[in-house]
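What's in target05.cif: mmCIF, C-alpha atoms
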```cif
data_protein
#
loop_
_atom_site.label_atom_id
_atom_site.label_comp_id
_atom_site.auth_asym_id
_atom_site.auth_seq_id
_atom_site.Cartn_x
_atom_site.Cartn_y
_atom_site.Cartn_z
CA MET A 1337 0.00 0.00 0.00
CA GLN A 1338 1.31 3.50 -0.87
CA SER A 1339 2.51 5.63 2.08
CA SER A 1340 0.22 8.49 3.15
CA GLU A 1341 3.15 10.68 4.36
CA GLN A 1342 3.82 12.33 0.99
CA ARG A 1343 4.28 16.16 1.40
CA GLY A 1344 4.23 19.21 -0.85
CA PRO A 1345 2.06 20.46 -3.71
CA GLY A 1346 3.11 17.52 -5.98
CA ALA A 1347 1.92 15.03 -3.43
CA ALA A 1348 -1.40 16.85 -3.18
CA GLU A 1349 -1.89 16.72 -6.97
CA GLU A 1350 -1.04 13.03 -7.07
CA LEU A 1351 -3.45 12.34 -4.23
CA SER A 1352 -6.18 14.32 -5.96
CA ALA A 1353 -5.61 12.40 -9.18
CA GLN A 1354 -5.89 9.10 -7.33
CA HIS A 1355 -9.21 10.18 -5.83
CA SER A 1356 -10.49 11.23 -9.27
CA ARG A 1357 -9.56 7.87 -10.82
CA THR A 1358 -11.23 6.04 -7.95
CA LEU A 1359 -14.41 8.06 -8.33
CA ARG A 1360 -14.52 7.55 -12.11
CA ALA A 1361 -14.13 3.80 -11.64
CA GLY A 1362 -16.90 3.80 -9.06
CA ALA A 1363 -19.14 5.77 -11.40
CA SER A 1364 -18.67 3.28 -14.28
CA LEU A 1365 -19.63 0.38 -12.04
CA CYS A 1366 -22.78 2.19 -10.85
CA THR A 1367 -23.96 3.30 -14.32
CA PRO A 1368 -27.40 1.61 -15.02
CA GLN A 1369 -27.60 -0.82 -17.99
CA ASP A 1370 -31.39 -0.85 -18.41
CA THR A 1371 -34.42 1.27 -17.60
CA ARG A 1372 -35.27 -0.74 -14.54
CA HIS A 1373 -32.39 0.98 -12.66
CA ARG A 1374 -33.03 4.50 -14.06
CA PRO A 1375 -33.93 6.02 -10.64
CA ALA A 1376 -30.30 5.42 -9.51
CA GLN A 1377 -29.14 8.04 -12.04
CA SER A 1378 -30.13 10.75 -9.52
CA LEU A 1379 -26.95 9.92 -7.56
CA LEU A 1380 -24.60 10.59 -10.47
CA PRO A 1381 -24.53 14.43 -10.15
CA LEU A 1382 -23.31 14.10 -6.53
CA LEU A 1383 -20.15 12.22 -7.49
CA PRO A 1384 -18.20 15.17 -9.03
CA MET A 1385 -19.13 17.31 -5.98
CA ALA A 1386 -17.84 14.60 -3.62
CA SER A 1387 -14.65 14.42 -5.66
CA ARG A 1388 -14.06 18.15 -5.24
CA TRP A 1389 -14.65 17.98 -1.47
CA ILE A 1390 -12.24 15.06 -1.05
CA CYS A 1391 -9.61 16.83 -3.16
CA ALA A 1392 -9.89 20.04 -1.13
CA LEU A 1393 -9.69 18.16 2.16
CA SER A 1394 -6.64 16.23 1.01
CA THR A 1395 -4.88 19.41 -0.09
CA ALA A 1396 -5.59 21.10 3.25
CA LEU A 1397 -4.21 18.15 5.17
CA VAL A 1398 -1.04 18.07 3.07
CA TRP A 1399 -0.40 21.80 3.42
CA GLY A 1400 -1.08 21.63 7.16
CA CYS A 1401 1.54 18.93 7.56
CA ALA A 1402 4.00 20.96 5.48
CA ALA A 1403 3.42 24.08 7.59
CA ALA A 1404 3.87 22.13 10.82
CA SER A 1405 7.10 20.71 9.51
CA SER A 1406 8.36 24.16 8.45
CA SER A 1407 7.46 25.65 11.87
CA SER A 1408 9.21 22.87 13.72
CA SER A 1409 12.36 23.55 11.68
CA HIS A 1410 12.64 27.14 13.03
CA ALA A 1411 14.99 27.77 15.94
CA ALA A 1412 13.44 27.88 19.41
CA ALA A 1413 14.58 30.53 21.90
CA ALA A 1414 15.97 29.24 25.18
CA PRO A 1415 15.69 31.50 28.26
CA PRO A 1416 18.74 33.17 29.84
CA GLN A 1417 20.45 31.47 32.76
CA ASP A 1418 21.69 32.30 36.26
CA LEU A 1419 19.72 35.53 36.86
CA HIS A 1420 20.87 37.21 40.07
CA ILE A 1421 20.77 40.63 41.81
CA THR A 1422 23.51 42.33 43.81
CA ASP A 1423 23.53 45.52 45.88
CA PRO A 1424 26.64 47.70 45.32
CA GLY A 1425 25.62 50.01 48.19
CA LEU A 1426 24.26 52.83 46.00
CA LEU A 1427 21.02 53.51 47.88
CA GLY A 1428 18.70 51.45 45.74
CA SER A 1429 20.55 51.15 42.44
CA LEU A 1430 20.96 47.39 42.00
CA ASP A 1431 23.04 45.40 39.54
CA ILE A 1432 21.19 42.64 37.68
CA GLU A 1433 23.15 40.06 35.68
CA TRP A 1434 22.39 36.91 33.73
CA LYS A 1435 24.08 34.49 31.35
CA ALA A 1436 23.24 33.87 27.72
CA PRO A 1437 21.33 30.71 26.73
CA PRO A 1438 23.67 27.74 26.25
CA ASP A 1439 22.94 27.55 22.50
CA ALA A 1440 23.20 31.31 21.81
CA GLN A 1441 26.48 30.92 19.88
CA SER A 1442 24.87 28.55 17.38
CA PHE A 1443 22.47 31.18 16.03
CA ASN A 1444 24.84 32.86 13.59
CA GLU A 1445 22.03 33.99 11.31
CA CYS A 1446 19.91 35.50 14.08
CA THR A 1447 20.08 38.48 16.44
CA VAL A 1448 19.99 37.60 20.13
CA LYS A 1449 18.76 40.27 22.53
CA TYR A 1450 16.92 40.41 25.84
CA ARG A 1451 13.76 41.97 27.21
CA PHE A 1452 14.36 43.01 30.82
CA GLU A 1453 11.50 44.18 33.05
CA TYR A 1454 11.58 45.37 36.64
CA HIS A 1455 9.52 47.05 39.37
CA SER A 1456 9.16 47.25 43.13
CA ALA A 1457 6.58 44.96 44.70
CA GLY A 1458 3.16 46.60 44.71
CA ASP A 1459 3.67 48.56 41.49
CA ARG A 1460 1.15 47.66 38.82
CA ASP A 1461 3.32 48.36 35.77
CA TRP A 1462 6.69 46.94 34.79
CA LYS A 1463 9.47 49.15 33.40
CA VAL A 1464 11.01 47.69 30.23
CA ILE A 1465 14.56 47.70 28.84
CA PHE A 1466 15.65 46.05 25.57
CA THR A 1467 19.35 45.24 25.53
CA LYS A 1468 22.01 43.00 24.00
CA LYS A 1469 24.08 43.22 27.18
CA LEU A 1470 24.06 40.74 30.05
CA LYS A 1471 24.00 43.34 32.84
CA VAL A 1472 21.90 46.38 33.77
CA ARG A 1473 21.82 48.77 36.73
CA VAL A 1474 18.43 50.20 37.71
CA GLY A 1475 16.88 51.89 40.74
CA PHE A 1476 14.40 50.41 43.23
CA ASP A 1477 12.60 51.41 46.38
CA LEU A 1478 14.57 49.26 48.81
CA SER A 1479 11.81 49.45 51.40
CA ARG A 1480 9.95 47.02 49.13
CA ILE A 1481 10.91 43.81 47.37
CA ALA A 1482 12.71 44.32 44.05
CA GLU A 1483 11.28 42.07 41.33
CA VAL A 1484 12.91 41.44 37.93
CA ARG A 1485 12.36 39.15 34.97
CA VAL A 1486 14.15 38.62 31.65
CA GLN A 1487 13.57 36.63 28.46
CA THR A 1488 15.47 35.95 25.24
CA LEU A 1489 14.36 37.46 21.93
CA LEU A 1490 15.53 35.70 18.76
CA GLU A 1491 14.99 37.06 15.26
CA GLY A 1492 16.57 36.54 11.83
CA ARG A 1493 16.95 33.91 9.10
CA CYS A 1494 17.04 31.13 11.66
CA THR A 1495 13.47 32.03 12.71
CA GLY A 1496 12.10 32.79 9.27
CA GLY A 1497 12.19 36.54 9.98
CA VAL A 1498 9.77 36.39 12.92
CA GLU A 1499 10.60 37.22 16.54
CA VAL A 1500 10.70 34.19 18.81
CA GLN A 1501 10.43 34.72 22.57
CA SER A 1502 11.68 32.42 25.28
CA ASP A 1503 10.05 31.77 28.63
CA TRP A 1504 10.66 34.28 31.43
CA ILE A 1505 13.08 33.75 34.28
CA TYR A 1506 12.55 35.62 37.57
CA ALA A 1507 14.50 36.93 40.55
CA THR A 1508 13.78 39.04 43.65
CA PHE A 1509 15.83 41.02 46.16
CA GLN A 1510 15.13 42.55 49.56
CA VAL A 1511 17.42 44.31 52.01
CA PRO A 1512 17.05 43.50 55.72
CA LEU A 1513 14.91 46.31 57.14
CA GLN A 1514 15.56 47.66 60.61
CA GLY A 1515 13.18 49.48 62.93
CA LYS A 1516 9.42 49.73 62.80
CA LEU A 1517 7.61 51.11 59.77
CA GLU A 1518 6.14 53.93 61.90
CA SER A 1519 9.65 55.26 62.57
CA GLU A 1520 10.24 56.05 58.88
CA VAL A 1521 10.11 59.75 57.92
CA GLN A 1522 6.75 60.94 56.57
CA ASN A 1523 5.51 63.28 53.82
CA PHE A 1524 8.78 63.21 51.89
CA HIS A 1525 8.49 65.76 49.09
CA CYS A 1526 10.96 67.21 46.57
CA ILE A 1527 10.83 70.08 44.05
CA TYR A 1528 13.49 70.92 41.45
CA HIS A 1529 13.31 74.72 41.45
CA ASP A 1530 14.08 76.41 38.11
CA TRP A 1531 16.26 73.45 37.14
CA GLU A 1532 18.84 74.92 39.54
CA TYR A 1533 18.47 73.26 42.93
CA LEU A 1534 16.51 70.42 44.53
CA LYS A 1535 14.76 71.00 47.83
CA CYS A 1536 13.44 67.97 49.71
CA THR A 1537 11.48 68.13 52.95
CA TRP A 1538 10.06 65.56 55.34
CA GLN A 1539 8.51 65.17 58.77
CA PRO A 1540 9.76 62.94 61.60
CA GLY A 1541 8.10 59.57 61.80
CA ASP A 1542 5.84 58.43 64.56
CA LEU A 1543 7.44 56.81 67.60
CA THR A 1544 10.52 58.97 66.98
CA PRO A 1545 12.33 60.51 70.00
CA HIS A 1546 12.89 64.28 70.00
CA SER A 1547 16.63 63.71 70.05
CA VAL A 1548 16.59 62.12 66.60
CA GLN A 1549 18.90 63.43 63.93
CA TYR A 1550 18.31 62.72 60.24
CA GLY A 1551 20.76 62.48 57.37
CA LEU A 1552 20.07 62.50 53.62
CA TYR A 1553 22.34 60.60 51.24
CA TYR A 1554 22.14 60.56 47.45
CA TRP A 1555 23.75 58.95 44.41
CA TYR A 1556 23.44 59.10 40.63
CA GLU A 1557 25.41 57.63 37.78
CA GLY A 1558 28.72 59.43 37.59
CA LEU A 1559 29.40 59.52 41.33
CA ASP A 1560 31.87 57.05 42.77
CA HIS A 1561 29.91 56.63 46.00
CA ALA A 1562 26.91 57.92 47.92
CA VAL A 1563 27.21 61.54 49.09
CA GLN A 1564 25.67 63.18 52.17
CA CYS A 1565 23.71 66.43 52.01
CA ASP A 1566 25.71 69.45 53.15
CA SER A 1567 22.86 72.00 53.41
CA TYR A 1568 20.06 70.93 55.76
CA VAL A 1569 16.80 72.68 56.60
CA GLN A 1570 16.18 72.59 60.34
CA GLU A 1571 13.27 73.09 62.69
CA HIS A 1572 13.86 73.18 66.44
CA GLY A 1573 17.33 71.79 65.85
CA VAL A 1574 16.07 68.75 63.87
CA ASN A 1575 16.89 68.22 60.18
CA ILE A 1576 13.61 68.25 58.24
CA GLY A 1577 14.92 69.03 54.77
CA CYS A 1578 17.88 69.30 52.45
CA VAL A 1579 18.89 71.56 49.54
CA LEU A 1580 21.07 70.01 46.81
CA GLN A 1581 22.90 72.23 44.31
CA ASN A 1582 24.71 71.50 41.03
CA LEU A 1583 22.65 68.51 39.91
CA SER A 1584 22.72 69.14 36.16
CA GLN A 1585 24.70 65.89 35.68
CA ALA A 1586 21.85 63.99 37.35
CA GLU A 1587 19.13 65.24 34.98
CA TYR A 1588 17.37 62.47 33.03
CA LYS A 1589 18.99 59.86 35.27
CA ASP A 1590 17.87 57.93 38.34
CA LEU A 1591 18.64 59.89 41.49
CA SER A 1592 18.74 57.48 44.45
CA ILE A 1593 18.04 58.97 47.89
CA CYS A 1594 18.07 57.55 51.40
CA VAL A 1595 16.91 59.43 54.51
CA ASN A 1596 18.07 57.71 57.66
CA GLY A 1597 17.68 58.65 61.30
CA SER A 1598 19.93 57.91 64.22
CA VAL A 1599 19.05 57.84 67.90
CA ALA A 1600 20.71 56.06 70.79
CA THR A 1601 17.58 54.40 72.16
CA ALA A 1602 16.04 52.77 69.08
CA LEU A 1603 16.52 51.62 65.51
CA LEU A 1604 14.76 53.73 62.86
CA ARG A 1605 13.46 52.58 59.49
CA PRO A 1606 15.34 54.28 56.60
CA LEU A 1607 13.48 55.74 53.62
CA TYR A 1608 14.64 54.76 50.12
CA ILE A 1609 13.35 56.50 47.01
CA THR A 1610 14.39 56.98 43.37
CA LEU A 1611 13.62 60.30 41.66
CA ARG A 1612 13.85 61.85 38.20
CA LEU A 1613 14.68 65.56 38.41
CA HIS A 1614 12.91 66.59 35.20
CA ASN A 1615 9.65 65.21 36.60
CA LEU A 1616 10.02 67.41 39.70
CA ALA A 1617 10.77 70.72 37.98
CA LYS A 1618 8.93 73.87 39.03
CA PRO A 1619 9.76 77.04 37.05
CA SER A 1620 9.42 80.62 38.19
CA PRO A 1621 6.38 82.57 36.95
CA PRO A 1622 6.46 84.01 33.42
CA GLU A 1623 7.68 87.60 33.23
CA GLN A 1624 6.65 90.89 31.62
CA LEU A 1625 3.02 90.07 31.03
CA VAL A 1626 1.42 92.76 28.85
CA VAL A 1627 -2.30 92.94 28.10
CA SER A 1628 -3.62 95.23 25.38
CA MET A 1629 -6.71 95.79 23.25
CA LEU A 1630 -6.00 95.57 19.52
CA ALA A 1631 -9.66 96.10 18.65
CA PRO A 1632 -12.92 96.35 20.58
CA GLN A 1633 -13.29 92.56 20.46
CA GLU A 1634 -9.63 91.50 20.53
CA LEU A 1635 -7.53 91.03 23.66
CA HIS A 1636 -3.80 90.55 23.07
CA LEU A 1637 -1.43 89.03 25.66
CA THR A 1638 2.36 88.73 25.52
CA TRP A 1639 4.95 87.52 28.05
CA ILE A 1640 8.46 86.09 28.19
CA PRO A 1641 9.79 82.86 29.78
CA PRO A 1642 11.12 83.13 33.33
CA SER A 1643 14.77 83.88 33.87
CA GLY A 1644 16.98 81.13 35.24
CA LYS A 1645 18.09 77.74 33.94
CA THR A 1646 14.67 76.46 32.92
CA PRO A 1647 14.95 75.56 29.19
CA PRO A 1648 12.47 77.86 27.37
CA GLN A 1649 11.62 75.11 24.87
CA CYS A 1650 10.54 72.88 27.77
CA LEU A 1651 7.77 75.18 28.99
CA GLU A 1652 4.05 75.28 28.38
CA TYR A 1653 1.71 77.97 29.69
CA GLU A 1654 -1.80 78.20 31.03
CA VAL A 1655 -3.70 81.44 30.49
CA GLN A 1656 -6.69 82.39 32.62
CA LEU A 1657 -9.09 85.29 32.35
CA ALA A 1658 -11.45 86.75 34.93
CA GLU A 1659 -14.81 87.80 33.48
CA ASP A 1660 -17.06 90.35 35.15
CA ASP A 1661 -20.71 90.41 34.06
CA GLY A 1662 -21.55 93.33 36.33
CA GLU A 1663 -23.59 91.23 38.74
CA ASN A 1664 -21.43 88.40 40.04
CA LYS A 1665 -17.88 88.48 41.28
CA ALA A 1666 -15.33 87.80 38.56
CA SER A 1667 -14.07 84.19 38.45
CA TRP A 1668 -10.97 82.79 36.76
CA VAL A 1669 -11.55 80.72 33.61
CA SER A 1670 -8.83 78.84 31.68
CA VAL A 1671 -8.79 79.81 28.02
CA SER A 1672 -5.60 78.26 26.68
CA THR A 1673 -2.71 75.89 27.39
CA GLN A 1674 0.06 76.45 24.87
CA MET A 1675 3.81 76.67 24.28
CA GLU A 1676 3.75 80.07 22.55
CA THR A 1677 4.27 83.29 24.51
CA THR A 1678 1.56 85.31 22.75
CA LEU A 1679 -2.19 84.91 22.66
CA THR A 1680 -5.02 86.80 20.97
CA ILE A 1681 -8.52 86.23 22.30
CA TYR A 1682 -11.60 87.18 20.31
CA ARG A 1683 -14.37 88.27 22.62
CA ALA A 1684 -17.69 87.19 21.15
CA ASN A 1685 -19.83 87.92 24.22
CA GLN A 1686 -20.62 91.11 26.09
CA SER A 1687 -18.83 90.17 29.31
CA HIS A 1688 -16.07 92.42 30.53
CA ILE A 1689 -12.64 90.90 31.09
CA SER A 1690 -11.20 92.25 34.28
CA CYS A 1691 -7.67 90.81 34.15
CA ALA A 1692 -5.44 88.01 32.87
CA ARG A 1693 -2.78 85.81 34.44
CA VAL A 1694 -0.27 83.21 33.19
CA ARG A 1695 1.70 80.35 34.73
CA GLY A 1696 4.08 77.74 33.31
CA ARG A 1697 5.31 74.17 33.78
CA THR A 1698 7.50 71.62 32.01
CA ASN A 1699 5.82 70.30 28.86
CA ILE A 1700 5.39 66.68 27.73
CA PHE A 1701 8.42 66.87 25.42
CA CYS A 1702 10.81 67.29 28.37
CA ALA A 1703 9.09 65.44 31.24
CA ASP A 1704 6.29 63.04 32.10
CA ARG A 1705 4.92 65.49 34.64
CA GLY A 1706 5.90 68.61 36.57
CA PHE A 1707 4.76 71.35 38.92
CA TRP A 1708 2.99 74.53 37.81
CA SER A 1709 4.73 77.77 38.62
CA GLU A 1710 3.06 80.47 40.65
CA TRP A 1711 0.83 82.84 38.71
CA THR A 1712 2.24 86.09 37.40
CA GLN A 1713 2.67 88.50 40.28
CA GLU A 1714 0.24 91.14 39.04
CA CYS A 1715 -3.15 91.07 37.38
CA PHE A 1716 -3.36 93.50 34.48
CA SER A 1717 -6.72 95.18 34.15
CA VAL A 1718 -8.32 95.59 30.74
CA PRO A 1719 -10.17 98.93 30.14
CA ARG A 1720 -13.92 98.50 29.91
CA LYS A 1721 -15.98 100.15 27.23
CA GLU A 1722 -17.46 102.58 29.73
CA ASP A 1723 -14.01 103.46 31.03
CA THR A 1724 -12.76 104.08 27.50
CA GLN A 1725 -15.68 106.37 26.75
CA LEU A 1726 -15.09 108.22 30.02
CA LEU A 1727 -11.43 108.69 29.18
CA ILE A 1728 -12.44 110.24 25.86
CA LEU A 1729 -15.15 112.48 27.33
CA VAL A 1730 -13.01 113.96 30.12
CA PRO A 1731 -10.51 115.72 27.80
CA VAL A 1732 -13.34 116.94 25.59
CA ILE A 1733 -15.22 118.42 28.55
CA LEU A 1734 -12.06 120.04 29.91
CA SER A 1735 -11.27 121.53 26.51
CA LEU A 1736 -14.76 122.97 26.12
CA SER A 1737 -14.69 124.37 29.64
CA SER A 1738 -11.34 126.05 29.03
CA SER A 1739 -12.58 127.60 25.80
CA LEU A 1740 -15.72 128.90 27.51
CA ILE A 1741 -13.69 130.52 30.31
CA ILE A 1742 -11.39 132.20 27.80
CA PHE A 1743 -14.31 133.65 25.85
CA MET A 1744 -15.88 134.93 29.07
CA LEU A 1745 -12.63 136.67 30.05
CA ILE A 1746 -12.35 138.29 26.63
CA GLY A 1747 -15.91 139.52 26.93
CA GLN A 1748 -15.25 141.07 30.31
CA CYS A 1749 -12.14 142.79 29.00
CA LYS A 1750 -14.06 144.40 26.12
CA LYS A 1751 -16.65 145.78 28.51
CA ARG A 1752 -14.02 147.47 30.74
CA SER A 1753 -11.81 148.94 27.99
CA PRO A 1754 -12.52 152.69 26.92
CA ALA A 1755 -13.74 153.14 23.39
CA GLY A 1756 -11.03 153.50 20.80
CA LYS A 1757 -8.16 152.29 23.01
CA PRO A 1758 -6.45 149.02 22.25
CA LEU A 1759 -6.66 146.23 24.72
CA HIS A 1760 -3.49 145.29 26.57
CA ALA A 1761 -2.56 141.67 26.77
CA SER A 1762 -1.92 141.79 30.50
CA VAL A 1763 -3.68 139.18 32.56
CA GLY A 1764 -6.62 140.55 34.53
CA CYS A 1765 -7.01 143.40 31.96
#
```
Once more with this new file: its structure as structure tokens, please.
Amino acid sequence: MQSSEQRGPGAAEELSAQHSRTLRAGASLCTPQDTRHRPAQSLLPLLPMASRWICALSTALVWGCAAASSSSSHAAAAPPQDLHITDPGLLGSLDIEWKAPPDAQSFNECTVKYRFEYHSAGDRDWKVIFTKKLKVRVGFDLSRIAEVRVQTLLEGRCTGGVEVQSDWIYATFQVPLQGKLESEVQNFHCIYHDWEYLKCTWQPGDLTPHSVQYGLYYWYEGLDHAVQCDSYVQEHGVNIGCVLQNLSQAEYKDLSICVNGSVATALLRPLYITLRLHNLAKPSPPEQLVVSMLAPQELHLTWIPPSGKTPPQCLEYEVQLAEDDGENKASWVSVSTQMETTLTIYRANQSHISCARVRGRTNIFCADRGFWSEWTQECFSVPRKEDTQLLILVPVILSLSSSLIIFMLIGQCKKRSPAGKPLHASVGC
């Protein structure tokens, strides 16, 4: 009997031909020889249809086997090996290393890279890094468990041009934590003012003796070791904040911070946190705000970016106007958020705009988020229609009054002067 494991389009054609010959032979045997079997002729039209169905099914089976064989011939991606985490003592920046799959050298026609993901326990999202290296250094909140995972990505001729992913491998890391959670500092908050200095503040934790003394330590890539703050903010002799200068080299990098407390009578829980300076930036208010009326229905605003180190191209602005309808107190309404430093507003209603104000923050092209600046220091009033009319009428009235007084004085002078004598130009006649 002929083997049924033939593969490829040629095998499918041969198989289809065999089915056709079999069906034709069956049809000749079933053809009626006399009129007594004429009702059986109603089955003859079904035979070509059955032949087509069998042929199609055979072809599908053959191609399915061929595809399965082709898929099985592609290279499979093995996961990395020996994933481990080490702490170099850099306040939360951990080193993660792994080894390449054992068969990585055999894939000469493919690119081998890795998808590395990490987060601190409790975070919903994973941060992702694609790399061809076998080591990365990333920041974690060491008060929580550090969780990492990595997989191999294989793509090239050995995979038929498709990306093949391996299984994940996992690892975790946790530092031994001392002290009770309630002894950790509270309400830790940092602002990067004008891209010039970072000010961080905190409050002492619960169950903390009054004799406690706090220290802030920081590190970013480029420093050889962790550095202690040298400019503390104090309250009643206790450090409750720190000001860090000259951090331009830390911008767009992980800034690892630890705030630790020391007291003779108890162990205190340290605070670990990783920051990004550009996401903490707060600029100064925009400067030289000018409001003018170009036309009765057009309000024109101009301003300039704040002075300092804030990159002007990194700012966006919010403009607010206060409208006064004559009955209710004016309220601020946002009319625009933009990167330009000019704005023309067309006033379609009859409300009177009392004043305008502008503030700025880092835009989405330079940061994921940021703090709004304070509003411009002054609110510039816009002249109302009534005020404009009054300003026009006052000079006119004064001019007419002056002219009337002059004519009255001239009339009085003519009455007092003798007939035929010229008038002197002296004041008071």
Result set of the PyMOL selection byres ((chain A and resi 1600-1616) around 8) on the coordinates above, as number ranges by chain: A: 1427-1428, 1475-1479, 1513-1521, 1526-1528, 1531, 1544, 1586-1599, 1617-1618, 1702-1707
File of the preceding selection, C-alpha atoms, as a PDB file, keeping the file's coordinate frame:
```pdb
ATOM      1  CA  LEU A1427      21.020  53.510  47.880  1.00  0.00           C
ATOM      2  CA  GLY A1428      18.700  51.450  45.740  1.00  0.00           C
ATOM      3  CA  GLY A1475      16.880  51.890  40.740  1.00  0.00           C
ATOM      4  CA  PHE A1476      14.400  50.410  43.230  1.00  0.00           C
ATOM      5  CA  ASP A1477      12.600  51.410  46.380  1.00  0.00           C
ATOM      6  CA  LEU A1478      14.570  49.260  48.810  1.00  0.00           C
ATOM      7  CA  SER A1479      11.810  49.450  51.400  1.00  0.00           C
ATOM      8  CA  LEU A1513      14.910  46.310  57.140  1.00  0.00           C
ATOM      9  CA  GLN A1514      15.560  47.660  60.610  1.00  0.00           C
ATOM     10  CA  GLY A1515      13.180  49.480  62.930  1.00  0.00           C
ATOM     11  CA  LYS A1516       9.420  49.730  62.800  1.00  0.00           C
ATOM     12  CA  LEU A1517       7.610  51.110  59.770  1.00  0.00           C
ATOM     13  CA  GLU A1518       6.140  53.930  61.900  1.00  0.00           C
ATOM     14  CA  SER A1519       9.650  55.260  62.570  1.00  0.00           C
ATOM     15  CA  GLU A1520      10.240  56.050  58.880  1.00  0.00           C
ATOM     16  CA  VAL A1521      10.110  59.750  57.920  1.00  0.00           C
ATOM     17  CA  CYS A1526      10.960  67.210  46.570  1.00  0.00           C
ATOM     18  CA  ILE A1527      10.830  70.080  44.050  1.00  0.00           C
ATOM     19  CA  TYR A1528      13.490  70.920  41.450  1.00  0.00           C
ATOM     20  CA  TRP A1531      16.260  73.450  37.140  1.00  0.00           C
ATOM     21  CA  THR A1544      10.520  58.970  66.980  1.00  0.00           C
ATOM     22  CA  ALA A1586      21.850  63.990  37.350  1.00  0.00           C
ATOM     23  CA  GLU A1587      19.130  65.240  34.980  1.00  0.00           C
ATOM     24  CA  TYR A1588      17.370  62.470  33.030  1.00  0.00           C
ATOM     25  CA  LYS A1589      18.990  59.860  35.270  1.00  0.00           C
ATOM     26  CA  ASP A1590      17.870  57.930  38.340  1.00  0.00           C
ATOM     27  CA  LEU A1591      18.640  59.890  41.490  1.00  0.00           C
ATOM     28  CA  SER A1592      18.740  57.480  44.450  1.00  0.00           C
ATOM     29  CA  ILE A1593      18.040  58.970  47.890  1.00  0.00           C
ATOM     30  CA  CYS A1594      18.070  57.550  51.400  1.00  0.00           C
ATOM     31  CA  VAL A1595      16.910  59.430  54.510  1.00  0.00           C
ATOM     32  CA  ASN A1596      18.070  57.710  57.660  1.00  0.00           C
ATOM     33  CA  GLY A1597      17.680  58.650  61.300  1.00  0.00           C
ATOM     34  CA  SER A1598      19.930  57.910  64.220  1.00  0.00           C
ATOM     35  CA  VAL A1599      19.050  57.840  67.900  1.00  0.00           C
ATOM     36  CA  ALA A1617      10.770  70.720  37.980  1.00  0.00           C
ATOM     37  CA  LYS A1618       8.930  73.870  39.030  1.00  0.00           C
ATOM     38  CA  CYS A1702      10.810  67.290  28.370  1.00  0.00           C
ATOM     39  CA  ALA A1703       9.090  65.440  31.240  1.00  0.00           C
ATOM     40  CA  ASP A1704       6.290  63.040  32.100  1.00  0.00           C
ATOM     41  CA  ARG A1705       4.920  65.490  34.640  1.00  0.00           C
ATOM     42  CA  GLY A1706       5.900  68.610  36.570  1.00  0.00           C
ATOM     43  CA  PHE A1707       4.760  71.350  38.920  1.00  0.00           C
TER      44      PHE A1707
END
```
Quick one: which residues end up in the PyMOL selection byres ((chain A and resi 1447) around 10) for this structure, as a CSV table (one decimal) with C-alpha atoms, in the coordinates of the input?
```csv
chain,number,residue,atom,x,y,z
A,1440,ALA,CA,23.2,31.3,21.8
A,1443,PHE,CA,22.5,31.2,16.0
A,1444,ASN,CA,24.8,32.9,13.6
A,1445,GLU,CA,22.0,34.0,11.3
A,1446,CYS,CA,19.9,35.5,14.1
A,1448,VAL,CA,20.0,37.6,20.1
A,1449,LYS,CA,18.8,40.3,22.5
A,1468,LYS,CA,22.0,43.0,24.0
A,1489,LEU,CA,14.4,37.5,21.9
A,1490,LEU,CA,15.5,35.7,18.8
A,1491,GLU,CA,15.0,37.1,15.3
A,1492,GLY,CA,16.6,36.5,11.8
A,1493,ARG,CA,17.0,33.9,9.1
A,1494,CYS,CA,17.0,31.1,11.7
A,1495,THR,CA,13.5,32.0,12.7
A,1499,GLU,CA,10.6,37.2,16.5
```
Selected residue of minimal separation from Gln1501 (chain A) among A:Val1579, A:Ala1413, A:Ile1681, A:Ile1741, counting all atoms listed in the file: A:Ala1413
Resolved residues for the PyMOL selection byres ((chain A and resi 1536) around 10) as a ChimeraX atom specification: /A:1524-1528,1533-1535,1537-1538,1552,1568-1569,1576-1580
8 Å contact set for Thr1677 (chain A), all atoms listed in the file, chain neighbours under 6 positions out, as a PyMOL selection string: chain A and resi 1638-1641+1653
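One distance worth recording is that between CA of Val1669 (chain A) and CA of Pro1647 (chain A), which is 27.4 Å.
CA of Glu1652 (chain A) is positioned 27.9 Å from CA of Asp1461 (chain A).
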Distance query 12 Å from (3.9, 83.2, 41.3) using all atoms listed in the file, result as a list of chain:residue names: A:Lys1618, A:Pro1619, A:Ser1620, A:Pro1621, A:Pro1622, A:Glu1623, A:Pro1642, A:Arg1693, A:Val1694, A:Arg1695, A:Gly1696, A:Arg1697, A:Trp1708, A:Ser1709, A:Glu1710, A:Trp1711, A:Thr1712, A:Gln1713, A:Glu1714, A:Cys1715
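Between CA of Arg1460 (chain A) and CA of Leu1426 (chain A) there is a distance of 24.7 Å.
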If I wrap all listed atoms of region 1584-1603 of chain A in a box with edges along x, y and z and add 5 Å on each side, what are its centre and edge lengths in Å to one decimal, as lines of an AutoDock Vina configuration file?
```
center_x = 20.4
center_y = 60.4
center_z = 52.6
size_x = 18.7
size_y = 27.5
size_z = 49.1
```
Of the listed residues A:Gln1549, A:Thr1680, A:Gln1649, A:Ser1672, that which approaches His1636 (chain A) most closely, counting only C-alpha atoms: A:Thr1680
12 Å contact set for Ile1421 (chain A), only C-alpha atoms, chain neighbours under 2 positions out, as number ranges by chain: A: 1418-1419, 1423-1424, 1428-1434, 1454, 1471-1476, 1481-1485, 1506-1511
